[in-house]
Amino acid sequence: MGERFSFKNGAIALIVAWTLIFIMVPNLLVGIVSFLERDAQDIVKPVFTLESYRALFDPVYLKIFGKSFMYSSVTTLITLALGFPFAFILTRTRESLQKPLLLLVIIPFWTSSLIRTYALIIILKANGIINTLLKAAGLIDRPLELLYTDLAVYTGLVYTLLPFMILPLYSALGKLDHSLIEAAFDLGAKPVEVFFRVVLPLSLPGVMAGSIMVFLPAMGLFYVPDLLGGAKSMLLGNLIKNQFLVAGNWPFGSAASIFLTILMLALVFLYFRTMKQFNTSVMEDI
Amino acid sequence: MNQKLKQCYLTLVYLFLYLPILALIVYSFNSAKYASTWKGATLNWYLKLFDNEVLMEAMLNSVYVAVTSSVAATAIGTLGALAFYRYRFAGRKILYTMVYSTMMSPDIVMGISLLTMFILLGIKTGFLTLALAHITFCLPFVIVTVYARISGFDPAIIDAAKDLGAGEFKIFRHIILPMTAPAVAAGWLLSFTLSLDDVIVSFFVTGPDFEILPLKIYSMVRLGVKPEVNALCTLLFIFTLLSVMTAHFLVKEKNR
């Protein structure tokens, strides 16, 4: 056997080639561009410079990084706080009910975030549902300004990303052996101790997977602040987008993107290491 | 813990998840144009939507891209899952990690990296670049879905076929493909949905004369709420609902 053009070699070659050409090479190119000088005509000049990376530390951009980091962290914490009890209760619901309830989380997971963000606008806008209801109840005379605020951006991020936190958590908590919780209680542990010393450590893979799947997209979802926050709020995603499409500064946009890629690789590395320890995966169920 | 309290909590979270979507659906039938009050049911916005040639063209373009990229991603992804599961080759682990990371990486990173490559190579952005990009972000989802299914098999079946003289293609065609069919179908449906919905990657790799639906919606939504957009988003939501439910049942059917 061992013919060169066998089915086996074809299958391997196809996936290797696709991954190299459309994932590896584009990312390498972004890496290279980030070290080049910008050029008004040809996008970049083949001159090596660290200027783009130095610019990342410009106070103006540091502020955007800080803000984006803040949005992502707070969103992650809120989705975790909302999602953890939700997933836990879901795993303890009786079997026949659990499947349809889970499906109700999977549906928004796959629904376009743009459509969901738009739906949120209908609720939040000046003559939207919340304001109309409050007015009808006589609680306000003038509509509250809900849209185009920081709060709207947080609501939008939490709303679009909550399913991405719940599903990995559900998967991890479903594997939790509940007799361990009972054992801990029998041995005299308080509820807080049971949570922090039994439930949380054993569901760590789910917590990590969920946090990664919320934290990283929260930095890049440029249309959420665009639609809900007006021009005031800027995420890392908006910065990168503008550098490429408005300012025409590809090297700087690339450097910002490399920063995001390195952050992602670090988090994924951490995730895989935890996975190894636990010898499980929580991503397949999605 | 209190049973009532738990039910209450679940209900509240579901309300949070679904109230906006429900509002969207209800308003797509509301005859009032701007107000939030109900002024009676109408199909007017749906009719207006189908009369809107620009939107219809964008929808057709989106369907072309989604059909092309979902079929290609399913074919490549199924073979890829097989390669990752059955064959040992140099860099297999690194490659699998890369595919896996792609699923977690922010869309914007993929969008600008593909844009950079297409522009530097001088490839005109449009249908082709959109299709290539969409295949790339659908691929991991197909691979993971199909891989999970293959690894649920009894490997003895494949060994038996091999002992009886079946070649690699025969094993794939007569054993792996029929047994993974539900997962392959699910992967295809999910790819189609992902492609039809994508905003961020498409935003970068589309060309000026090839408009697709999500980007058209994005530019319309930026200008404010419009009843036709309500109707359009409702239709897209219902499509996602149906395909995700089908995919879900296909995967869960025999898996457990």
# chains A, B, ... in the order shown; residues from 1 in each chain; ligands from 1
call {"tool": "interface_residues", "arguments": {"of": "chain A", "to": "chain B", "cutoff": "7 Å", "atoms": "only C-alpha atoms", "output": "MDAnalysis selection string"}}
result
chainID A and resid 7:8 11:12 15 22 26:27 29:30 86 89 107 111:112 115:116 119:120 122:123 127:129 132 159 213 216:217 220 227 237 257 264 268 284
call {"tool": "residues_around", "arguments": {"residues": "Phe244 in chain A", "least_positions_apart": "5", "cutoff": "7 Å", "atoms": "only C-alpha atoms", "output": "ChimeraX atom specification"}}
result
/A:249-250,253
call {"tool": "write_last_selection", "arguments": {"atoms": "C-alpha atoms", "output": "short mmCIF file (atom, residue, chain, number, x, y, z; two decimals), in the first residue's frame"}}
result
data_model
loop_
_atom_site.label_atom_id
_atom_site.label_comp_id
_atom_site.auth_asym_id
_atom_site.auth_seq_id
_atom_site.Cartn_x
_atom_site.Cartn_y
_atom_site.Cartn_z
CA ASN A 249 -3.22 52.19 9.83
CA TRP A 250 -2.85 48.46 9.24
CA GLY A 253 -4.47 47.56 13.86
#
call {"tool": "select_by_dssp", "arguments": {"residues": "range 45-212 of chain B", "states": "helix (DSSP H, G or I)", "output": "JSON, numbers by chain"}}
result
{"B": [45, 46, 47, 48, 49, 50, 51, 53, 54, 55, 56, 57, 58, 59, 60, 61, 62, 63, 64, 65, 66, 67, 68, 69, 70, 71, 72, 73, 74, 75, 76, 77, 78, 79, 80, 81, 82, 83, 84, 85, 86, 92, 93, 94, 95, 96, 97, 98, 99, 100, 101, 102, 103, 104, 107, 108, 109, 110, 111, 112, 113, 114, 115, 116, 117, 118, 119, 120, 127, 128, 129, 130, 131, 132, 133, 134, 135, 136, 137, 138, 139, 140, 141, 142, 143, 144, 145, 146, 147, 148, 149, 150, 155, 156, 157, 158, 159, 160, 161, 162, 163, 168, 169, 170, 171, 172, 173, 174, 175, 176, 177, 178, 179, 180, 181, 182, 183, 184, 185, 186, 187, 188, 189, 190, 191, 192, 193, 194, 195, 196, 197, 200, 201, 202, 203, 204, 205]}
call {"tool": "atom_distance", "arguments": {"atom1": "CA of Lys190 in chain A", "atom2": "CA of Gly174 in chain A"}}
result
22.2 Å
call {"tool": "closest_residue", "arguments": {"among": "A:Tyr61, A:Ser113, A:Leu236, A:Pro85", "to": "Val199 in chain A", "atoms": "only C-alpha atoms"}}
result
A:Pro85
